[in-house]
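One file, model_13.pdb, is given below (PDB, C-alpha atoms, pLDDT in the B column).
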ATOM      1  CA  MET A 138       8.143 -40.717   6.786  1.00 50.00           C
ATOM      2  CA  ILE A 139       5.687 -43.153   5.225  1.00 56.00           C
ATOM      3  CA  GLY A 140       3.347 -44.363   7.912  1.00 57.00           C
ATOM      4  CA  ALA A 141       4.031 -41.309  10.084  1.00 64.00           C
ATOM      5  CA  ASP A 142       1.387 -40.273  12.557  1.00 88.00           C
ATOM      6  CA  ARG A 143      -0.918 -37.915  10.613  1.00 88.00           C
ATOM      7  CA  GLY A 144      -1.548 -35.863  13.749  1.00 91.00           C
ATOM      8  CA  ASP A 145       2.170 -35.284  14.234  1.00 92.00           C
ATOM      9  CA  LEU A 146       2.606 -34.468  10.540  1.00 90.00           C
ATOM     10  CA  ALA A 147      -0.326 -32.028  10.730  1.00 92.00           C
ATOM     11  CA  ARG A 148       1.225 -30.274  13.747  1.00 94.00           C
ATOM     12  CA  ARG A 149       4.591 -29.991  12.010  1.00 92.00           C
ATOM     13  CA  LEU A 150       3.038 -28.716   8.794  1.00 92.00           C
ATOM     14  CA  THR A 151       0.958 -26.185  10.731  1.00 93.00           C
ATOM     15  CA  PHE A 152       4.122 -24.950  12.443  1.00 94.00           C
ATOM     16  CA  VAL A 153       6.034 -24.636   9.149  1.00 93.00           C
ATOM     17  CA  VAL A 154       3.191 -22.875   7.317  1.00 91.00           C
ATOM     18  CA  GLY A 155       2.595 -20.546  10.274  1.00 89.00           C
ATOM     19  CA  THR A 156       6.287 -19.675  10.527  1.00 90.00           C
ATOM     20  CA  ILE A 157       6.524 -18.961   6.808  1.00 89.00           C
ATOM     21  CA  ASN A 158       3.433 -16.742   7.017  1.00 85.00           C
ATOM     22  CA  ARG A 159       4.853 -14.787   9.955  1.00 84.00           C
ATOM     23  CA  ARG A 160       8.170 -14.285   8.182  1.00 86.00           C
ATOM     24  CA  LEU A 161       6.404 -13.054   5.073  1.00 83.00           C
ATOM     25  CA  ARG A 162       5.246  -9.985   6.971  1.00 73.00           C
ATOM     26  CA  PRO A 163       4.777  -7.057   4.660  1.00 69.00           C
ATOM     27  CA  PRO A 164       6.579  -3.742   5.021  1.00 66.00           C
ATOM     28  CA  ALA A 165       4.856  -1.239   7.320  1.00 61.00           C
ATOM     29  CA  ASP A 166       2.846   0.272   4.472  1.00 68.00           C
ATOM     30  CA  GLY A 167       2.375  -3.032   2.609  1.00 78.00           C
ATOM     31  CA  LEU A 168      -0.643  -5.282   2.382  1.00 85.00           C
ATOM     32  CA  SER A 169      -1.366  -7.684   5.231  1.00 86.00           C
ATOM     33  CA  HIS A 170      -1.951 -11.377   4.589  1.00 86.00           C
ATOM     34  CA  VAL A 171      -5.667 -10.805   5.152  1.00 90.00           C
ATOM     35  CA  ALA A 172      -5.710  -7.977   2.598  1.00 93.00           C
ATOM     36  CA  VAL A 173      -3.819 -10.043   0.006  1.00 93.00           C
ATOM     37  CA  SER A 174      -6.181 -12.953   0.578  1.00 92.00           C
ATOM     38  CA  ALA A 175      -9.236 -10.709   0.152  1.00 95.00           C
ATOM     39  CA  LEU A 176      -7.826  -9.144  -3.011  1.00 96.00           C
ATOM     40  CA  SER A 177      -7.020 -12.616  -4.352  1.00 94.00           C
ATOM     41  CA  SER A 178     -10.588 -13.758  -3.714  1.00 94.00           C
ATOM     42  CA  ILE A 179     -11.978 -10.693  -5.463  1.00 96.00           C
ATOM     43  CA  SER A 180      -9.589 -11.274  -8.348  1.00 95.00           C
ATOM     44  CA  ARG A 181     -10.766 -14.887  -8.715  1.00 92.00           C
ATOM     45  CA  ALA A 182     -14.447 -13.968  -8.402  1.00 90.00           C
ATOM     46  CA  GLY A 183     -14.248 -10.997 -10.768  1.00 88.00           C
ATOM     47  CA  ALA A 184     -16.852  -9.183  -8.674  1.00 92.00           C
ATOM     48  CA  VAL A 185     -18.255 -10.147  -5.287  1.00 94.00           C
ATOM     49  CA  ARG A 186     -20.635  -8.803  -2.671  1.00 94.00           C
ATOM     50  CA  PRO A 187     -19.009  -7.717   0.590  1.00 94.00           C
ATOM     51  CA  GLY A 188     -20.979 -10.281   2.621  1.00 92.00           C
ATOM     52  CA  ASP A 189     -19.979 -13.097   0.274  1.00 92.00           C
ATOM     53  CA  LEU A 190     -16.348 -12.003   0.530  1.00 94.00           C
ATOM     54  CA  ALA A 191     -16.584 -12.027   4.334  1.00 94.00           C
ATOM     55  CA  ARG A 192     -17.887 -15.611   4.229  1.00 92.00           C
ATOM     56  CA  MET A 193     -15.213 -16.671   1.739  1.00 90.00           C
ATOM     57  CA  GLU A 194     -12.485 -15.203   3.915  1.00 92.00           C
ATOM     58  CA  GLY A 195     -13.947 -16.355   7.240  1.00 91.00           C
ATOM     59  CA  ILE A 196     -14.022 -12.782   8.556  1.00 92.00           C
ATOM     60  CA  ALA A 197     -16.844 -11.304  10.636  1.00 94.00           C
ATOM     61  CA  ALA A 198     -18.762  -8.434   9.027  1.00 90.00           C
ATOM     62  CA  PRO A 199     -17.226  -5.651  11.190  1.00 92.00           C
ATOM     63  CA  GLY A 200     -13.699  -6.804  10.382  1.00 92.00           C
ATOM     64  CA  MET A 201     -14.513  -7.047   6.690  1.00 94.00           C
ATOM     65  CA  THR A 202     -16.014  -3.554   6.748  1.00 93.00           C
ATOM     66  CA  ARG A 203     -12.764  -2.154   8.226  1.00 95.00           C
ATOM     67  CA  LEU A 204     -10.643  -4.097   5.721  1.00 96.00           C
ATOM     68  CA  LEU A 205     -12.713  -2.917   2.757  1.00 96.00           C
ATOM     69  CA  ALA A 206     -12.577   0.693   3.967  1.00 95.00           C
ATOM     70  CA  ASP A 207      -8.767   0.466   4.115  1.00 94.00           C
ATOM     71  CA  LEU A 208      -8.525  -1.140   0.678  1.00 96.00           C
ATOM     72  CA  GLU A 209     -10.872   1.472  -0.785  1.00 96.00           C
ATOM     73  CA  GLN A 210      -8.911   4.295   0.835  1.00 95.00           C
ATOM     74  CA  ARG A 211      -5.774   2.914  -0.832  1.00 95.00           C
ATOM     75  CA  GLY A 212      -7.610   2.925  -4.179  1.00 96.00           C
ATOM     76  CA  LEU A 213      -7.374  -0.845  -4.585  1.00 97.00           C
ATOM     77  CA  LEU A 214     -11.106  -1.578  -4.861  1.00 96.00           C
ATOM     78  CA  GLU A 215     -14.001  -0.346  -6.916  1.00 95.00           C
ATOM     79  CA  ARG A 216     -17.661  -0.631  -5.973  1.00 94.00           C
ATOM     80  CA  SER A 217     -20.519  -0.925  -8.438  1.00 94.00           C
ATOM     81  CA  ALA A 218     -24.230  -1.530  -8.132  1.00 91.00           C
ATOM     82  CA  ASP A 219     -25.272  -5.186  -8.116  1.00 87.00           C
ATOM     83  CA  PRO A 220     -27.475  -5.563 -11.209  1.00 89.00           C
ATOM     84  CA  HIS A 221     -29.438  -8.362  -9.488  1.00 86.00           C
ATOM     85  CA  ASP A 222     -29.998  -6.563  -6.176  1.00 84.00           C
ATOM     86  CA  GLY A 223     -30.177  -2.800  -6.083  1.00 81.00           C
ATOM     87  CA  ARG A 224     -29.569  -2.792  -2.320  1.00 87.00           C
ATOM     88  CA  SER A 225     -26.161  -4.403  -2.670  1.00 88.00           C
ATOM     89  CA  THR A 226     -22.825  -3.496  -4.187  1.00 92.00           C
ATOM     90  CA  LEU A 227     -20.205  -5.542  -5.949  1.00 95.00           C
ATOM     91  CA  LEU A 228     -16.506  -5.250  -5.265  1.00 96.00           C
ATOM     92  CA  SER A 229     -13.870  -5.547  -7.957  1.00 96.00           C
ATOM     93  CA  LEU A 230     -10.189  -4.737  -8.138  1.00 97.00           C
ATOM     94  CA  SER A 231      -9.080  -1.406  -9.488  1.00 97.00           C
ATOM     95  CA  THR A 232      -6.074  -1.252 -11.777  1.00 97.00           C
ATOM     96  CA  ALA A 233      -4.021  -0.241  -8.729  1.00 97.00           C
ATOM     97  CA  GLY A 234      -5.461  -3.208  -6.819  1.00 96.00           C
ATOM     98  CA  GLU A 235      -4.440  -5.623  -9.546  1.00 95.00           C
ATOM     99  CA  ARG A 236      -0.941  -4.129  -9.557  1.00 95.00           C
ATOM    100  CA  GLU A 237      -0.600  -4.257  -5.732  1.00 93.00           C
ATOM    101  CA  LEU A 238      -1.830  -7.852  -5.647  1.00 94.00           C
ATOM    102  CA  GLN A 239       0.698  -8.882  -8.296  1.00 93.00           C
ATOM    103  CA  GLU A 240       3.508  -7.072  -6.474  1.00 91.00           C
ATOM    104  CA  ALA A 241       2.598  -8.747  -3.160  1.00 90.00           C
ATOM    105  CA  ARG A 242       2.490 -12.178  -4.818  1.00 90.00           C
ATOM    106  CA  THR A 243       5.818 -11.587  -6.559  1.00 90.00           C
ATOM    107  CA  SER A 244       7.509 -10.373  -3.375  1.00 89.00           C
ATOM    108  CA  ARG A 245       6.235 -13.274  -1.283  1.00 89.00           C
ATOM    109  CA  SER A 246       7.099 -15.818  -3.952  1.00 91.00           C
ATOM    110  CA  ALA A 247      10.629 -14.411  -4.172  1.00 92.00           C
ATOM    111  CA  TRP A 248      11.049 -14.812  -0.407  1.00 91.00           C
ATOM    112  CA  VAL A 249       9.875 -18.435  -0.556  1.00 93.00           C
ATOM    113  CA  ALA A 250      12.185 -19.059  -3.541  1.00 94.00           C
ATOM    114  CA  GLY A 251      15.052 -17.830  -1.378  1.00 94.00           C
ATOM    115  CA  LEU A 252      14.008 -20.265   1.337  1.00 94.00           C
ATOM    116  CA  LEU A 253      13.931 -23.087  -1.225  1.00 95.00           C
ATOM    117  CA  ASP A 254      17.530 -22.216  -2.159  1.00 95.00           C
ATOM    118  CA  HIS A 255      18.447 -23.799   1.186  1.00 96.00           C
ATOM    119  CA  VAL A 256      16.712 -27.098   0.350  1.00 96.00           C
ATOM    120  CA  ALA A 257      18.740 -29.897  -1.245  1.00 96.00           C
ATOM    121  CA  ALA A 258      17.829 -30.743  -4.854  1.00 92.00           C
ATOM    122  CA  GLU A 259      16.610 -34.240  -3.971  1.00 92.00           C
ATOM    123  CA  ASP A 260      14.377 -32.771  -1.257  1.00 95.00           C
ATOM    124  CA  LEU A 261      12.924 -30.220  -3.674  1.00 95.00           C
ATOM    125  CA  GLU A 262      11.346 -33.092  -5.596  1.00 94.00           C
ATOM    126  CA  ALA A 263       9.602 -34.211  -2.409  1.00 94.00           C
ATOM    127  CA  VAL A 264       8.466 -30.631  -1.714  1.00 95.00           C
ATOM    128  CA  GLU A 265       7.053 -30.390  -5.231  1.00 95.00           C
ATOM    129  CA  ARG A 266       5.125 -33.658  -4.809  1.00 94.00           C
ATOM    130  CA  ALA A 267       3.812 -32.514  -1.419  1.00 94.00           C
ATOM    131  CA  VAL A 268       2.692 -29.137  -2.750  1.00 94.00           C
ATOM    132  CA  THR A 269       0.945 -30.818  -5.688  1.00 94.00           C
ATOM    133  CA  ALA A 270      -0.844 -33.210  -3.321  1.00 94.00           C
ATOM    134  CA  LEU A 271      -1.871 -30.362  -0.987  1.00 93.00           C
ATOM    135  CA  GLU A 272      -3.166 -28.271  -3.905  1.00 91.00           C
ATOM    136  CA  ALA A 273      -5.325 -31.208  -4.997  1.00 92.00           C
ATOM    137  CA  ALA A 274      -6.589 -31.737  -1.447  1.00 91.00           C
ATOM    138  CA  LEU A 275      -7.520 -28.054  -1.143  1.00 86.00           C
ATOM    139  CA  LEU A 276      -9.440 -28.150  -4.406  1.00 85.00           C
ATOM    140  CA  ALA A 277     -11.208 -31.361  -3.417  1.00 87.00           C
ATOM    141  CA  ALA A 278     -12.181 -29.907  -0.017  1.00 85.00           C
ATOM    142  CA  THR A 279     -14.308 -27.159  -1.575  1.00 67.00           C
ATOM    143  CA  PRO A 280     -14.234 -27.166  -5.368  1.00 52.00           C
ATOM    144  CA  GLU A 281     -16.290 -23.958  -5.637  1.00 54.00           C
ATOM    145  CA  ARG A 282     -13.636 -21.914  -3.831  1.00 49.00           C
ATOM    146  CA  GLY A 283     -10.480 -24.006  -3.883  1.00 43.00           C
ATOM    147  CA  ARG A 284     -10.248 -23.499  -0.128  1.00 45.00           C
ATOM    148  CA  PRO A 285     -10.540 -25.874   2.804  1.00 46.00           C
ATOM    149  CA  ALA A 286     -13.983 -26.306   4.301  1.00 45.00           C
ATOM    150  CA  GLN A 287     -12.802 -25.157   7.745  1.00 43.00           C
ATOM    151  CA  ARG A 288     -10.467 -22.426   8.767  1.00 38.00           C
ATOM    152  CA  VAL A 289      -7.885 -23.411  11.359  1.00 33.00           C
TER     153      VAL A 289
END

Would you give me this structure, written as structure tokens?
Amino acid sequence: MIGADRGDLARRLTFVVGTINRRLRPPADGLSHVAVSALSSISRAGAVRPGDLARMEGIAAPGMTRLLADLEQRGLLERSADPHDGRSTLLSLSTAGERELQEARTSRSAWVAGLLDHVAAEDLEAVERAVTALEAALLAATPERGRPAQRV
């Protein structure tokens, strides 16, 4: 694999990550990947303006408005006045939102752990090294968010 064409490796990795994401589909009443990502960003930020969250998530304002309405309706978000700008609100997770986020993470991690059960022990070491390298690359790409600079 050393010296492999980076373009080919990128295509293969994109396929694998995309397939895993599709197979991690939530139950009908569960949180979508977009919702989990938004809740995770709010959790990391502590409190965030809706427009800033939309930029962080790479979602257009109308889509973010619909997502936030759904999350609020489920009782997963709380809004408060922005102390620095009275025209704006800040979003934070409710207790239910924190619980739902943890449950979604646990469920998805359990599914991936089951997938890893089918990987040979010697290959798991390579997977661990690759994940560590990718985590570092993500952090280096945009240290303020820990996310890549571009969304693919």

Query raised in the report: What does the distance between atom CA of Arg245 of chain A and atom CA of Arg203 of chain A come to in Å, to one decimal place?
Result: 24.0 Å

Compile a residue-level contact table for segment 218-280 of chain A against segment 167-183 of chain A at a cut-off of 7 Å, reporting for every qualifying residue the shortest atom pair and its distance in Å to one decimal, with only C-alpha atoms counted, rows ordered by chain and ascending number, as CSV.
residue,atom,partner,partner_atom,distance
A:Ser229,CA,A:Ile179,CA,6.0
A:Leu230,CA,A:Ser180,CA,6.6
A:Leu238,CA,A:Val173,CA,6.4

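Picture a line from atom CA of Leu252 of chain A to atom CA of Ile157 of chain A; it runs 9.4 Å.
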
**Report entry** Result set, the PyMOL selection byres ((chain A and resi 188-191) around 9) on current file, as a PyMOL selection string
**Finding:** chain A and resi 175+178-179+185-187+192-198+200-202+228

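Distance-wise, atom CA of Thr269 of chain A and atom CA of Arg149 of chain A end up 18.1 Å apart.
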
Report task. Can you pull out every residue within 8 Å of Leu213 of chain A, counting all atoms listed in the file, but drop anything in the same chain fewer than 2 positions away, and send it as a VMD selection string? Result -> chain A and resid 208 to 211 215 230 to 235 237

Padding 6 Å on every side, please: axis-aligned box over the listed atoms of segment 210-218 of chain A, centre and edge lengths to one decimal in Å, as JSON.
{"center_x": -15.0, "center_y": 1.4, "center_z": -3.8, "size_x": 30.5, "size_y": 17.9, "size_z": 21.3}

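Nearest residue to Leu161 of chain A, choosing from A:Asp142, A:Glu240, A:Val249, A:Pro199 and counting all atoms listed in the file: A:Val249.
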